[in-house]
Amino acid sequence: MKYRMLGKTGFNVSEISLGTWQVGGKWGERFDEGNAERIVNLAIDQGINFIDTADVYGDGLSEAAVARVVRSRSERVFVATKCGRKISPHVAREYTPPRLVSFVEKSLKNMGLETIDLIQLHCPPTEVYYRPEIFETFDRLKEAGKIRNLGVSVEKVEEGLKAIEYPNVATVQIIFNMFRHRPKELFFFEARRRNVGIIVRVPLASGLLSGKFTKDTIFGKEDHRTFNREGAEFDKGETFSGVDYATGLRAADELKKLFPSGDPLAAWALRWILMFDAVSCIIPGASSSGQVTANFNAAALPPLTDEQMAGVEAVYAKIKPQVHQLW
């Protein structure tokens with residue numbers, strides 16, 4: 001495993017790390033604590049030292065499972081969690097300093113930790129990024145020893161650019177993949193200039209970039225890939241990166257032709273992201289031990305050639321009108 005600096009946190013983190021949205025089971029299924037612990041242990045065995053969770057994943061069960069494993073290990077593993085998505089209705093006016101402090105306190109209790117390595121605002125409404133008192137709240141939490149660093153998870157480049165204007169924002173978690181290129185333009189430049197770590201989420205476009213789906217693939221009733229394609233429950237950019245499913249299938253087939261047949265498209269999709277030095281780490285999810293190992297192996301692939309990089313750009317050009325200016 002190779003490691004990269006996570007911006008001004010000073011954390012040297014595994015370039016392939018672990019996201020835990022579905023770590024306890026597949027999307028929409030009951031959280032499986034035993035499976036979650038097996039996956040987190042295997043990830044640490046393979047050198048992964050940065051694990052991202054959230055208070056809403058499994059209604060706190062993911063946080064608890066991750067922390068249980070981390071506390072049992074001798075390795076230094078950085079734990080990041082997120083807060084804010086429990087607010088309902090999820091609107092800017094409901095974001096208040098006391099409410100956010102209470103979420104941090106609940107996560108600390110849930111994980112049995114004294115300090116959270118990285119707390120992140122969890123995709124708040126855009127208006128929240130224009131409220132300095134929200135960001136100042138985390139300075140007080142840091143002074144109290146409750147958190148070490150503040151980050152944000154964003155939907156839009158606009159939000160990321162606004163967030164990094166606040167000096168205490170150490171990281172930005174953003175969607176970036178072969179179907180979502182916009183962050184590598186102005187945002188990557190500005191983040192590097194301000195020494196802000198970039199955590200890449202949704203790197204496989206909800207599995208579209210695995211290259212395994214077909215027009216006949218059926219997802220579970222509770223799976224967001226079934227019910228959220230048009231953003232019925234949350235930002236549609238979270239589901240297939242906002243790409244129309246049929247368009248995504250065609251694009252994935254074109255991408256497969258760019259790479260050797262011996263390695264899955266998913267591995268090359270992760271390796272493509274690592275071609276960008278501004279990226280600190282990627283947090284692909286995993287619902288099985290096999291997926292953890294496959295993600296780990298992607299880092300060992302050779303760099304993409306100039307021809308392959310150009311080929312990815314050519315495929316993106318065909319879907320760019322659907323997504324580029326929206327996020």
# chains A, B, ... in the order shown; residues from 1 in each chain; ligands from 1

$ select_by_dssp --residues "range 129-284 of chain A" --states "strand (DSSP E or B)" --output "VMD selection string"
chain A and resid 147 150 to 153 169 to 175 177 180 197 to 201 281 to 282

$ residues_around --residues "Ile273 in chain A" --least-positions-apart "6" --cutoff "12 Å" --atoms "only C-alpha atoms" --output "PyMOL selection string"
chain A and resi 15-16+175-181+183-184+198-204+266-267+279-284+298-299+303-304+309+312

$ write_last_selection --atoms "C-alpha atoms" --output "compact mmCIF listing (two decimals), in the first residue's frame"
# COMPACT_ATOMS: atom_id res chain seq x y z
CA GLU A 15 -4.24 6.00 -1.05
CA ILE A 16 -6.88 3.27 -1.21
CA ILE A 175 -17.40 12.68 -6.04
CA PHE A 176 -14.74 12.18 -8.69
CA ASN A 177 -14.60 9.33 -11.17
CA MET A 178 -14.44 8.48 -14.87
CA PHE A 179 -18.01 9.79 -15.17
CA ARG A 180 -17.44 12.97 -13.11
CA HIS A 181 -14.42 15.02 -14.21
CA PRO A 183 -13.36 18.54 -9.81
CA LYS A 184 -10.00 18.09 -11.54
CA ILE A 198 -9.10 15.53 -1.12
CA ILE A 199 -11.04 12.38 -0.26
CA VAL A 200 -12.67 10.84 -3.32
CA ARG A 201 -16.02 9.17 -2.79
CA VAL A 202 -18.35 7.27 -5.16
CA PRO A 203 -15.30 6.31 -7.26
CA LEU A 204 -17.16 3.58 -9.15
CA ALA A 266 -13.35 -1.28 -11.46
CA ALA A 267 -9.63 -1.62 -10.77
CA VAL A 279 -6.11 13.27 -4.55
CA SER A 280 -5.17 12.21 -1.03
CA CYS A 281 -7.16 8.99 -0.91
CA ILE A 282 -10.11 7.11 -2.37
CA ILE A 283 -12.79 5.54 -0.17
CA PRO A 284 -14.46 2.78 -2.20
CA ALA A 298 -6.06 -1.66 -7.94
CA ALA A 299 -3.25 0.41 -6.43
CA PRO A 303 -0.03 3.99 -14.47
CA LEU A 304 -2.43 4.60 -17.32
CA MET A 309 -6.01 8.79 -20.38
CA VAL A 312 -11.18 8.12 -20.87

$ select_by_dssp --residues "range 81-128 of chain A" --states "helix (DSSP H, G or I)" --output "ChimeraX atom specification"
/A:92-94,97-111,126-128

$ write_last_selection --atoms "C-alpha atoms" --output "PDB file, in the first residue's frame"
ATOM      1  CA  ALA A  92     -30.129  25.070   6.028  1.00  0.00           C
ATOM      2  CA  ARG A  93     -32.146  26.795   8.764  1.00  0.00           C
ATOM      3  CA  GLU A  94     -32.134  23.584  10.823  1.00  0.00           C
ATOM      4  CA  PRO A  97     -24.242  25.088  16.438  1.00  0.00           C
ATOM      5  CA  PRO A  98     -25.924  23.328  19.420  1.00  0.00           C
ATOM      6  CA  ARG A  99     -27.386  20.646  17.177  1.00  0.00           C
ATOM      7  CA  LEU A 100     -24.036  19.951  15.498  1.00  0.00           C
ATOM      8  CA  VAL A 101     -22.281  19.789  18.867  1.00  0.00           C
ATOM      9  CA  SER A 102     -24.844  17.237  20.016  1.00  0.00           C
ATOM     10  CA  PHE A 103     -24.148  15.087  16.943  1.00  0.00           C
ATOM     11  CA  VAL A 104     -20.415  15.107  17.668  1.00  0.00           C
ATOM     12  CA  GLU A 105     -21.047  14.176  21.296  1.00  0.00           C
ATOM     13  CA  LYS A 106     -23.305  11.305  20.192  1.00  0.00           C
ATOM     14  CA  SER A 107     -20.677   9.992  17.742  1.00  0.00           C
ATOM     15  CA  LEU A 108     -17.988  10.108  20.421  1.00  0.00           C
ATOM     16  CA  LYS A 109     -20.206   8.113  22.757  1.00  0.00           C
ATOM     17  CA  ASN A 110     -21.211   5.693  20.017  1.00  0.00           C
ATOM     18  CA  MET A 111     -17.601   4.983  19.088  1.00  0.00           C
ATOM     19  CA  THR A 126     -25.456  24.876  -0.151  1.00  0.00           C
ATOM     20  CA  GLU A 127     -26.582  27.800   2.035  1.00  0.00           C
ATOM     21  CA  VAL A 128     -24.787  26.294   5.056  1.00  0.00           C
TER      22      VAL A 128
END

$ atom_distance --atom1 "CA of Ala294 in chain A" --atom2 "CA of Ala314 in chain A"
26.3 Å

$ closest_residue --among "A:Ile147, A:Val196, A:Arg250, A:Ala232" --to "Lys215 in chain A" --atoms "only C-alpha atoms"
A:Arg250

$ atom_distance --atom1 "CA of Lys318 in chain A" --atom2 "CA of Pro260 in chain A"
22.3 Å

$ residues_around --residues "Val323 in chain A" --least-positions-apart "6" --cutoff "9 Å" --atoms "only C-alpha atoms" --output "ChimeraX atom specification"
/A:179-180,182,237,241-243

$ closest_residue --among "A:Lys221, A:Lys256, A:His90, A:Lys8" --to "Asn195 in chain A" --atoms "only C-alpha atoms"
A:Lys8

$ residues_around --residues "range 38-51 of chain A" --least-positions-apart "2" --cutoff "9 Å" --atoms "only C-alpha atoms" --output "number ranges by chain"
A: 1-2, 12-20, 23-24, 33-36, 53, 65-66, 69-70, 73, 75-81, 281, 283, 286-289, 292-293, 296

$ atom_distance --atom1 "CA of Ser153 in chain A" --atom2 "CA of Tyr245 in chain A"
24.3 Å

$ closest_residue --among "A:Leu265, A:Leu274, A:Leu258, A:Ile174" --to "Tyr3 in chain A" --atoms "only C-alpha atoms"
A:Leu274

$ closest_residue --among "A:Ser210, A:Arg148, A:Asp59, A:Gln120" --to "Thr171 in chain A" --atoms "only C-alpha atoms"
A:Gln120

$ closest_residue --among "A:Cys83, A:Pro124, A:Met5, A:Tyr57" --to "Phe234 in chain A" --atoms "only C-alpha atoms"
A:Pro124

$ closest_residue --among "A:Gly197, A:Gly285, A:Pro264, A:Gly290" --to "Gly7 in chain A" --atoms "only C-alpha atoms"
A:Gly197

$ decode --residues "range 51-133 of chain A" --atoms "C-alpha atoms" --output "tab-separated table (two decimals), in the first residue's frame"
chain	number	residue	atom	x	y	z
A	51	ILE	CA	-11.77	4.56	7.43
A	52	ASP	CA	-14.72	6.81	6.69
A	53	THR	CA	-18.11	6.31	8.30
A	54	ALA	CA	-21.12	8.43	9.31
A	55	ASP	CA	-23.69	8.60	12.08
A	56	VAL	CA	-26.47	7.74	9.62
A	57	TYR	CA	-24.84	4.56	8.28
A	58	GLY	CA	-26.82	1.79	9.91
A	59	ASP	CA	-28.13	4.44	12.35
A	60	GLY	CA	-24.82	4.45	14.22
A	61	LEU	CA	-24.05	0.74	13.87
A	62	SER	CA	-21.34	1.41	11.28
A	63	GLU	CA	-19.62	3.93	13.57
A	64	ALA	CA	-19.71	1.49	16.46
A	65	ALA	CA	-18.41	-1.46	14.41
A	66	VAL	CA	-15.55	0.55	12.91
A	67	ALA	CA	-14.49	1.89	16.29
A	68	ARG	CA	-14.69	-1.54	17.94
A	69	VAL	CA	-12.22	-2.94	15.43
A	70	VAL	CA	-9.92	0.08	15.52
A	71	ARG	CA	-9.74	-0.01	19.32
A	72	SER	CA	-8.78	-3.69	19.16
A	73	ARG	CA	-5.86	-3.14	16.78
A	74	SER	CA	-2.33	-1.96	17.51
A	75	GLU	CA	-1.99	-0.07	14.20
A	76	ARG	CA	-2.69	3.65	14.02
A	77	VAL	CA	-5.91	3.87	12.06
A	78	PHE	CA	-7.52	7.24	11.36
A	79	VAL	CA	-11.29	7.33	11.82
A	80	ALA	CA	-13.44	9.88	10.02
A	81	THR	CA	-17.15	10.27	10.58
A	82	LYS	CA	-19.80	12.71	9.42
A	83	CYS	CA	-22.67	14.65	10.92
A	84	GLY	CA	-25.70	16.63	9.81
A	85	ARG	CA	-27.73	14.20	7.73
A	86	LYS	CA	-29.90	13.32	10.72
A	87	ILE	CA	-31.41	16.78	10.51
A	88	SER	CA	-35.00	16.54	9.26
A	89	PRO	CA	-36.17	18.38	7.31
A	90	HIS	CA	-32.68	18.62	5.86
A	91	VAL	CA	-32.67	22.35	5.24
A	92	ALA	CA	-30.13	25.07	6.03
A	93	ARG	CA	-32.15	26.79	8.76
A	94	GLU	CA	-32.13	23.58	10.82
A	95	TYR	CA	-28.33	23.60	11.00
A	96	THR	CA	-27.44	25.19	14.34
A	97	PRO	CA	-24.24	25.09	16.44
A	98	PRO	CA	-25.92	23.33	19.42
A	99	ARG	CA	-27.39	20.65	17.18
A	100	LEU	CA	-24.04	19.95	15.50
A	101	VAL	CA	-22.28	19.79	18.87
A	102	SER	CA	-24.84	17.24	20.02
A	103	PHE	CA	-24.15	15.09	16.94
A	104	VAL	CA	-20.41	15.11	17.67
A	105	GLU	CA	-21.05	14.18	21.30
A	106	LYS	CA	-23.31	11.31	20.19
A	107	SER	CA	-20.68	9.99	17.74
A	108	LEU	CA	-17.99	10.11	20.42
A	109	LYS	CA	-20.21	8.11	22.76
A	110	ASN	CA	-21.21	5.69	20.02
A	111	MET	CA	-17.60	4.98	19.09
A	112	GLY	CA	-16.17	5.00	22.60
A	113	LEU	CA	-13.56	7.57	21.58
A	114	GLU	CA	-12.31	10.69	23.35
A	115	THR	CA	-11.41	12.48	20.11
A	116	ILE	CA	-12.54	12.12	16.50
A	117	ASP	CA	-9.69	12.31	14.00
A	118	LEU	CA	-11.86	13.95	11.34
A	119	ILE	CA	-15.45	15.13	11.63
A	120	GLN	CA	-17.14	16.13	8.37
A	121	LEU	CA	-20.28	18.05	7.61
A	122	HIS	CA	-22.34	15.52	5.66
A	123	CYS	CA	-23.46	17.12	2.40
A	124	PRO	CA	-25.30	20.07	3.96
A	125	PRO	CA	-27.48	22.37	1.85
A	126	THR	CA	-25.46	24.88	-0.15
A	127	GLU	CA	-26.58	27.80	2.03
A	128	VAL	CA	-24.79	26.29	5.06
A	129	TYR	CA	-21.41	26.98	3.46
A	130	TYR	CA	-22.19	30.71	3.67
A	131	ARG	CA	-22.69	30.66	7.46
A	132	PRO	CA	-19.39	31.29	9.31
A	133	GLU	CA	-20.91	30.45	12.70
